[in-house]
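What follows is start-v4.txt (compact mmCIF, C-alpha atoms and all ligand atoms).
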# COMPACT_ATOMS: atom_id res chain seq x y z
CA MET H 87 51.76 128.53 86.00
CA SER H 88 48.99 127.37 83.75
CA HIS H 89 45.46 128.54 84.29
CA SER H 90 42.95 126.20 82.68
CA TRP H 91 40.20 128.82 82.95
CA THR H 92 39.74 132.44 83.99
CA ILE H 93 36.85 134.68 84.92
CA ALA H 94 36.44 137.88 82.94
CA PRO H 95 37.22 140.65 85.46
CA ALA H 96 34.22 142.58 84.10
CA ASP H 97 31.93 139.68 85.07
CA ALA H 98 33.41 139.50 88.56
CA LYS H 99 32.94 143.25 88.95
CA ALA H 100 29.35 143.10 87.63
CA ALA H 101 28.52 140.40 90.19
CA LEU H 102 29.97 142.46 93.05
CA ASP H 103 28.32 145.69 91.87
CA THR H 104 24.95 143.92 91.69
CA LEU H 105 25.37 142.27 95.10
CA ARG H 106 26.34 145.64 96.61
CA THR H 107 23.00 147.16 95.51
CA ALA H 108 21.21 144.69 97.82
CA LYS H 109 20.14 145.17 101.41
CA VAL H 110 19.53 141.48 102.05
CA VAL H 111 20.66 138.64 99.79
CA LEU H 112 18.99 135.23 99.93
CA MET H 113 21.04 132.22 98.80
CA PRO H 114 18.78 129.20 98.34
CA THR H 115 20.77 126.01 97.74
CA HIS H 116 20.06 123.25 95.25
CA GLN H 117 17.91 120.41 96.52
CA ASN H 118 19.70 117.57 98.33
CA VAL H 119 22.41 120.03 99.14
CA ASP H 120 25.99 118.76 99.36
CA ALA H 121 29.26 120.16 100.71
CA ASP H 122 29.92 122.32 97.64
CA GLY H 123 26.33 123.61 97.47
CA LEU H 124 26.25 124.69 101.12
CA SER H 125 29.82 125.74 101.84
CA THR H 126 29.95 128.26 98.99
CA PRO H 127 26.91 130.31 100.12
CA LEU H 128 28.38 130.19 103.64
CA ALA H 129 31.67 131.57 102.30
CA MET H 130 29.75 134.19 100.31
CA ARG H 131 27.86 135.24 103.45
CA LEU H 132 31.17 135.83 105.25
CA ALA H 133 32.65 137.68 102.25
CA LEU H 134 29.62 139.94 101.76
CA ALA H 135 29.69 140.79 105.47
CA GLN H 136 33.02 142.50 104.69
CA TYR H 137 30.95 144.92 102.55
CA GLY H 138 28.21 145.27 105.17
CA ILE H 139 25.72 143.16 103.21
CA ASP H 140 23.52 140.58 104.96
CA ALA H 141 23.25 137.28 103.12
CA TYR H 142 21.55 134.06 104.20
CA PRO H 143 21.99 130.53 102.85
CA VAL H 144 18.69 128.61 102.74
CA ILE H 145 18.30 124.83 102.64
CA THR H 146 15.38 124.34 100.28
CA ASP H 147 14.30 120.80 101.13
CA GLY H 148 14.73 118.58 104.14
CA ASP H 149 16.93 119.19 107.15
CA PHE H 150 20.43 120.51 107.55
CA PRO H 151 22.67 117.52 106.65
CA SER H 152 24.32 116.51 109.90
CA ASN H 153 27.71 115.84 108.26
CA LEU H 154 27.93 119.51 107.20
CA LYS H 155 27.40 121.02 110.65
CA PHE H 156 31.19 121.37 110.96
CA LEU H 157 31.18 124.17 108.38
CA PRO H 158 32.00 127.57 109.89
CA GLY H 159 28.90 129.73 110.24
CA SER H 160 26.46 126.85 109.83
CA ASP H 161 24.27 128.43 112.57
CA ALA H 162 23.34 131.17 110.09
CA VAL H 163 21.80 128.74 107.61
CA LEU H 164 18.01 128.94 107.34
CA VAL H 165 15.96 125.80 106.74
CA TYR H 166 13.02 126.42 104.42
CA GLY H 167 9.70 125.54 106.04
CA LYS H 168 11.17 125.79 109.55
CA ASP H 169 12.80 129.21 109.70
CA GLU H 170 11.18 132.44 108.61
CA LEU H 171 12.73 133.94 105.49
CA PRO H 172 13.95 137.54 105.82
CA ASN H 173 12.75 140.21 103.38
CA TYR H 174 15.27 139.97 100.56
CA ASP H 175 15.87 142.06 97.48
CA LEU H 176 18.40 139.89 95.65
CA LEU H 177 18.99 136.20 95.08
CA CYS H 178 22.46 134.74 94.73
CA LEU H 179 22.42 131.15 93.47
CA ILE H 180 25.70 129.26 93.76
CA ASP H 181 26.20 125.72 92.43
CA CYS H 182 22.62 125.63 91.03
CA ALA H 183 22.47 124.36 87.44
CA ASP H 184 18.74 124.80 87.23
CA ARG H 185 16.74 127.36 89.19
CA LYS H 186 13.73 125.01 89.18
CA ARG H 187 15.68 122.48 91.27
CA LEU H 188 15.56 124.59 94.39
CA GLY H 189 13.35 122.27 96.43
CA PHE H 190 10.22 123.62 98.03
CA PHE H 191 11.50 127.20 97.76
CA ALA H 192 10.83 126.84 94.01
CA LYS H 193 7.89 124.41 94.14
CA ASP H 194 5.83 126.45 96.61
CA ASP H 195 6.09 129.66 94.60
CA PRO H 196 7.82 129.49 91.18
CA SER H 197 7.43 133.27 90.84
CA ARG H 198 10.24 133.62 93.39
CA LEU H 199 12.62 132.66 90.58
CA ASP H 200 10.98 134.40 87.61
CA GLY H 201 13.51 137.23 87.67
CA SER H 202 11.28 139.77 89.43
CA VAL H 203 13.88 139.55 92.20
CA PRO H 204 17.21 139.75 90.33
CA ILE H 205 19.42 136.66 90.42
CA VAL H 206 23.21 136.51 90.52
CA ASN H 207 24.12 133.10 89.10
CA ILE H 208 27.48 131.54 90.02
CA ASP H 209 27.96 127.98 88.87
CA HIS H 210 30.24 125.35 87.37
CA HIS H 211 27.67 123.02 85.74
CA LYS H 212 27.89 122.65 81.97
CA THR H 213 24.10 122.53 81.74
CA ASN H 214 23.53 125.88 83.51
CA ASP H 215 21.24 127.94 81.28
CA ARG H 216 22.46 131.38 82.46
CA PHE H 217 19.24 132.47 84.11
CA GLY H 218 20.74 135.39 86.10
CA VAL H 219 21.13 139.12 85.52
CA VAL H 220 24.81 138.36 86.09
CA ASN H 221 26.16 134.92 85.23
CA ILE H 222 29.55 133.50 86.16
CA VAL H 223 29.37 129.98 84.79
CA GLU H 224 32.65 128.09 84.39
CA PRO H 225 32.24 124.38 83.56
CA GLU H 226 36.01 123.83 83.74
CA ALA H 227 36.06 124.66 87.44
CA SER H 228 36.08 121.49 89.55
CA SER H 229 33.65 122.93 92.07
CA ALA H 230 31.81 126.06 93.08
CA GLY H 231 34.40 126.22 95.87
CA GLU H 232 37.21 126.62 93.33
CA LEU H 233 35.20 129.13 91.29
CA VAL H 234 34.22 131.26 94.29
CA THR H 235 37.84 131.29 95.54
CA GLU H 236 38.81 132.86 92.20
CA ILE H 237 35.93 135.36 92.38
CA PHE H 238 37.04 136.41 95.88
CA ARG H 239 40.60 136.84 94.60
CA LEU H 240 39.33 139.19 91.88
CA TRP H 241 37.19 141.05 94.42
CA GLY H 242 40.13 141.41 96.80
CA ILE H 243 38.32 139.69 99.67
CA ASP H 244 40.30 139.15 102.86
CA LEU H 245 40.46 135.33 102.87
CA THR H 246 39.88 134.63 106.56
CA PRO H 247 40.43 131.12 107.99
CA GLU H 248 36.62 130.73 108.25
CA ILE H 249 36.10 131.57 104.56
CA ALA H 250 38.97 129.28 103.55
CA ARG H 251 37.54 126.42 105.65
CA CYS H 252 34.20 126.74 103.84
CA LEU H 253 35.71 126.91 100.36
CA ILE H 254 38.05 123.97 100.83
CA ALA H 255 35.07 121.82 101.86
CA GLY H 256 33.41 122.69 98.54
CA VAL H 257 36.48 121.74 96.51
CA TYR H 258 37.05 118.53 98.46
CA GLY H 259 33.37 117.57 98.30
CA ASP H 260 33.03 117.85 94.53
CA THR H 261 36.45 116.38 93.70
CA LEU H 262 36.10 113.56 96.27
CA GLY H 263 39.33 114.81 97.82
CA LEU H 264 41.14 115.82 94.58
CA ARG H 265 40.45 112.43 92.98
CA THR H 266 38.10 113.26 90.06
CA PRO H 267 39.26 113.99 86.48
CA SER H 268 37.88 117.52 86.98
CA THR H 269 40.82 118.12 89.37
CA THR H 270 43.38 120.32 87.58
CA PRO H 271 46.73 121.83 88.62
CA GLN H 272 44.72 125.00 89.26
CA THR H 273 42.39 123.08 91.62
CA ILE H 274 45.36 121.79 93.60
CA ARG H 275 46.94 125.26 93.77
CA THR H 276 43.61 126.65 94.97
CA VAL H 277 43.58 124.06 97.77
CA ALA H 278 47.17 124.99 98.66
CA ASP H 279 46.15 128.69 98.84
CA LEU H 280 43.20 127.81 101.08
CA VAL H 281 45.40 125.77 103.42
CA ASP H 282 47.79 128.75 103.51
CA ALA H 283 44.82 130.95 104.46
CA GLY H 284 44.12 128.78 107.49
CA ALA H 285 41.88 125.97 106.24
CA ASP H 286 42.50 122.67 107.98
CA LEU H 287 41.99 119.55 105.86
CA GLU H 288 41.53 117.08 108.69
CA PRO H 289 37.92 117.94 109.68
CA VAL H 290 36.95 118.16 106.01
CA VAL H 291 38.29 114.68 105.26
CA ASP H 292 36.78 113.28 108.45
CA TRP H 293 33.31 114.78 108.00
CA LEU H 294 33.03 114.29 104.24
CA PHE H 295 34.64 110.88 103.85
CA ARG H 296 35.17 109.04 107.10
CA LEU H 297 32.69 109.74 109.89
CA LYS H 298 29.20 108.31 109.44
CA PRO H 299 26.23 107.48 111.60
CA ARG H 300 25.22 103.85 112.06
CA SER H 301 22.10 104.55 109.97
CA THR H 302 24.36 105.11 106.95
CA LEU H 303 25.67 101.54 107.14
CA CYS H 304 22.08 100.32 107.33
CA LEU H 305 21.37 102.20 104.07
CA TRP H 306 24.44 100.72 102.40
CA LYS H 307 23.26 97.26 103.42
CA HIS H 308 19.93 97.92 101.66
CA ALA H 309 21.56 99.45 98.58
CA LEU H 310 24.11 96.66 98.15
CA HIS H 311 21.42 94.03 98.68
CA ASN H 312 19.35 95.57 95.87
CA ILE H 313 22.11 95.75 93.23
CA ASN H 314 20.98 94.78 89.75
CA TRP H 315 22.39 94.79 86.24
CA ASN H 316 20.77 95.84 82.99
CA GLY H 317 23.21 95.39 80.12
CA PRO H 318 26.03 97.91 80.62
CA ILE H 319 24.46 99.59 83.65
CA ILE H 320 24.72 98.61 87.28
CA TRP H 321 21.90 99.99 89.37
CA THR H 322 20.35 99.97 92.79
CA GLU H 323 17.56 101.72 94.59
CA MET H 324 16.84 103.28 97.96
CA THR H 325 13.20 102.85 98.79
CA ARG H 326 11.22 104.86 101.32
CA ASP H 327 10.83 101.68 103.40
CA GLY H 328 14.63 101.40 103.45
CA PHE H 329 15.06 104.99 104.62
CA ASP H 330 12.36 104.53 107.27
CA GLU H 331 13.76 101.25 108.53
CA CYS H 332 17.24 102.73 108.87
CA GLY H 333 16.04 106.04 110.29
CA ALA H 334 18.35 107.71 107.78
CA GLU H 335 18.39 111.05 105.98
CA MET H 336 18.46 111.26 102.20
CA ALA H 337 21.94 112.83 102.23
CA GLU H 338 23.40 109.71 103.85
CA ALA H 339 22.86 107.72 100.65
CA GLU H 340 24.92 110.03 98.43
CA GLY H 341 28.16 108.02 98.46
CA ILE H 342 26.66 104.74 97.29
CA VAL H 343 26.52 105.55 93.58
CA ASN H 344 30.18 106.65 93.61
CA PHE H 345 31.06 103.26 95.08
CA LEU H 346 29.09 101.40 92.36
CA SER H 347 30.70 103.45 89.61
CA GLY H 348 33.88 101.67 88.58
CA THR H 349 32.47 98.18 88.95
CA GLN H 350 34.20 96.28 86.18
CA GLY H 351 31.81 95.28 83.41
CA SER H 352 29.62 98.36 83.94
CA ARG H 353 29.77 101.61 81.96
CA VAL H 354 27.32 103.64 84.01
CA ALA H 355 26.11 103.34 87.61
CA VAL H 356 22.57 104.41 88.48
CA ILE H 357 20.85 104.85 91.82
CA LEU H 358 17.17 105.62 92.28
CA TYR H 359 15.96 107.30 95.46
CA GLN H 360 12.25 106.98 96.01
CA ASP H 361 10.40 110.27 96.62
CA GLU H 362 8.83 110.83 100.00
CA ASP H 363 5.32 110.57 98.46
CA ARG H 364 6.41 107.30 96.73
CA LYS H 365 5.15 108.68 93.40
CA GLY H 366 8.52 109.03 91.74
CA TRP H 367 12.27 108.70 91.93
CA ARG H 368 15.28 110.95 92.02
CA VAL H 369 17.91 109.40 89.81
CA SER H 370 21.67 109.81 90.00
CA PHE H 371 24.10 108.70 87.25
CA ARG H 372 27.87 108.17 87.42
CA SER H 373 30.33 107.21 84.72
CA LEU H 374 34.07 106.69 84.74
CA GLU H 375 34.34 106.79 80.96
CA ARG H 376 34.69 110.18 79.39
CA VAL H 377 32.81 109.02 76.27
CA VAL H 378 29.64 108.23 78.20
CA ASP H 379 28.48 111.74 78.98
CA VAL H 380 25.91 111.19 81.72
CA SER H 381 24.80 114.85 81.63
CA ALA H 382 23.62 114.19 78.03
CA LEU H 383 22.09 110.90 79.19
CA ALA H 384 20.22 112.72 81.98
CA GLY H 385 19.17 115.35 79.42
CA ASN H 386 17.06 112.69 77.66
CA PHE H 387 14.94 112.60 80.80
CA GLY H 388 14.79 116.32 81.56
CA GLY H 389 17.82 116.29 83.89
CA GLY H 390 21.40 117.45 83.67
CA GLY H 391 24.69 117.82 85.49
CA HIS H 392 28.30 117.02 84.66
CA PRO H 393 29.75 114.56 82.10
CA LEU H 394 30.65 112.06 84.83
CA ALA H 395 27.95 112.85 87.41
CA ALA H 396 24.39 113.84 86.59
CA GLY H 397 20.79 113.32 87.63
CA CYS H 398 17.15 113.54 86.66
CA HIS H 399 13.70 112.93 88.10
CA LEU H 400 11.36 110.12 87.15
CA GLU H 401 7.60 110.04 87.80
CA GLY H 402 5.93 106.71 88.46
CA GLY H 403 6.24 103.43 90.29
CA GLU H 404 7.77 100.00 89.66
CA ALA H 405 6.74 99.64 85.97
CA GLU H 406 7.92 103.13 85.02
CA LYS H 407 11.17 102.50 86.87
CA LEU H 408 11.93 99.28 84.97
CA ALA H 409 10.99 100.83 81.60
CA PHE H 410 13.24 103.78 82.40
CA LEU H 411 16.17 101.48 83.23
CA ASP H 412 15.68 99.61 79.92
CA LYS H 413 15.83 102.93 78.10
CA VAL H 414 18.94 104.04 79.98
CA ALA H 415 20.65 100.70 79.27
CA ALA H 416 19.86 101.01 75.54
CA LEU H 417 21.22 104.58 75.41
CA VAL H 418 24.41 103.58 77.22
CA ALA H 419 24.87 100.51 74.99
CA ALA H 420 24.54 102.78 71.92
CA ALA H 421 27.29 105.14 73.14
CA PRO H 422 30.65 104.50 71.41
CA ALA H 423 33.15 102.20 73.09
CA GLY H 424 34.88 104.10 75.82
CA THR H 425 38.47 104.80 76.64
CA ARG H 426 39.33 105.61 80.20
CA GLY H 427 40.61 109.16 80.13
MN MN G 501 29.33 121.73 92.74

Please, can you express the file's structure as structure tokens?
Amino acid sequence: MSHSWTIAPADAKAALDTLRTAKVVLMPTHQNVDADGLSTPLAMRLALAQYGIDAYPVITDGDFPSNLKFLPGSDAVLVYGKDELPNYDLLCLIDCADRKRLGFFAKDDPSRLDGSVPIVNIDHHKTNDRFGVVNIVEPEASSAGELVTEIFRLWGIDLTPEIARCLIAGVYGDTLGLRTPSTTPQTIRTVADLVDAGADLEPVVDWLFRLKPRSTLCLWKHALHNINWNGPIIWTEMTRDGFDECGAEMAEAEGIVNFLSGTQGSRVAVILYQDEDRKGWRVSFRSLERVVDVSALAGNFGGGGHPLAAGCHLEGGEAEKLAFLDKVAALVAAAPAGTRG
């Protein structure tokens, strides 16, 4: 069997040794948390409980996404700004490329992430800058779910059905159900192992890809209505008025850019989500072509991510938005002609 990547056992041991020094571990999630970003701290909470360590996932901006309430142990998740944080002596960040992108947990008090409380950093983003005292960063892993499954194997964790159900949601979320180019034979074997351990795929597929509130369709109507082209990019936007009119949560708009990506005649799909204060935009990029590395594209604007899925933040209103899109279109047009890989 081929392994496309491995974790150094010494790194896995260092992570466990560090986590075992803690009394209480806090696991803030990246902003606009998704299935991979939330299910992996939930799995880690259950695994660390086997060592008698308390660990709490924290949503760092907004509410608990309603489509992730099916995850085992979701009751234990704290929502920043609503729930009181426990006294913690260690941070464990999973699926966080950038410790500054931890929502209000970071914005309200950046010193929380200055290293004075040690950080264990577990991630699969190429742009992760290894900010932890222990870093397990594996860009070849499809998802934090796949990476954490391997870490648990090295730790000798008893893979309970609950842990497996969390981890499989992470893998399925980031690979869109084993459909992305990041999906390797190892990814598929990991999923098989998780199913063997008692994970059931049906609720994952239903909650991640099929079930949706009516407000989501309202958002899609807005997004599709606002589609525009700028040279090789197809783009749309989700304005605050659109969110308000639909009564929708931010997380409900996540699938739209994946749908736009792959539109023939486009090389990159872009969606802009207006900030709540209407003073800026969160931007998401998708590409199907391996030669257009959207993490590098996002890097031009202070963002990052993966080669085929990345994001950044843009300050400003209408004029800044249009100037930004011109710049993106020029950068994409300058990238060499792509081959689908
Ligand atoms: Mn991920």

Cut-off 6 Å: closest chain H/ligand MN 501 (chain G) atom pairs per residue, using all atoms listed in the file, as a Markdown table:
| residue | atom | partner | partner_atom | distance |
| --- | --- | --- | --- | --- |
| H:Asp122 | CA | G:MN501 | MN | 5.0 |
| H:Gly123 | CA | G:MN501 | MN | 5.9 |
| H:Asp181 | CA | G:MN501 | MN | 5.1 |
| H:Ser229 | CA | G:MN501 | MN | 4.5 |
| H:Ala230 | CA | G:MN501 | MN | 5.0 |
| H:Asp260 | CA | G:MN501 | MN | 5.7 |

- If you count all atoms listed in the file, the residue of H:Val144, H:Ala416, H:Ala334, H:Leu264 closest to Thr276 in chain H turns out to be H:Leu264

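Non-sequential neighbours of Ser347 in chain H (distance at most 7 Å, separation of 6 or more positions within a chain, all atoms listed in the file) are Val354, Ala355, Arg372, Ser373 and Leu374 of chain H.
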
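Rounded to one decimal, CA of Leu294 in chain H and CA of Thr266 in chain H lie 15.1 Å from each other.
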
Using all atoms listed in the file, which residues sit within 8 Å of Ala285 in chain H once same-chain residues fewer than 5 positions away are excluded, as an mmCIF file with C-alpha atoms, in the frame of the given file?
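Full text of selection26.cif as output:
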data_model
loop_
_atom_site.group_PDB
_atom_site.id
_atom_site.type_symbol
_atom_site.label_atom_id
_atom_site.label_comp_id
_atom_site.auth_asym_id
_atom_site.auth_seq_id
_atom_site.Cartn_x
_atom_site.Cartn_y
_atom_site.Cartn_z
ATOM 1 C CA PRO H 247 40.430 131.120 107.990
ATOM 2 C CA GLU H 248 36.620 130.730 108.250
ATOM 3 C CA ALA H 250 38.970 129.280 103.550
ATOM 4 C CA ARG H 251 37.540 126.420 105.650
ATOM 5 C CA ILE H 254 38.050 123.970 100.830
ATOM 6 C CA LEU H 280 43.200 127.810 101.080
#

- If we count only C-alpha atoms, what is near range 188-196 of chain H at a cut-off of 9 Å, once residues fewer than 2 positions away on the same chain are taken out, given as a PyMOL selection string? chain H and resi 114-118+144-148+166-167+182+184-186+198-200

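Nearest to Gly328 in chain H of all the residues H:Phe387, H:Trp306, H:Trp315, H:Phe345 is H:Trp306, based on all atoms listed in the file.
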
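Candidate residues H:Arg368, H:Arg300, H:Lys407, H:His392 were compared for distance to Ala227 in chain H, and the nearest is H:His392, using all atoms listed in the file.
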
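Note that CA of Thr104 in chain H and CA of Gly138 in chain H are 13.9 Å apart.
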
- Query: What is the CA of Val291 in chain H-CA of Gly263 in chain H distance in Å, reported with one decimal?
  - Reply: 7.5 Å

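Proximity to Pro151 in chain H was assessed for H:Ser197, H:Gln136, H:Thr213, H:Ser125 counting all atoms listed in the file; the smallest distance is recorded for H:Ser125.
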
- Spatial neighbours of Leu253 in chain H, 12 Å, all atoms listed in the file, chain gap at least 6 places, as a ChimeraX atom specification: /H:121-133,157-158,229-238,245-247,259-260,273,276-281,283-287,290

- Query: Which residues come within 6 Å of range 357-360 of chain H, counting only C-alpha atoms, excluding same-chain residues fewer than 2 positions away, as number ranges by chain?
  - Reply: H: 321-326, 343, 364, 367-370
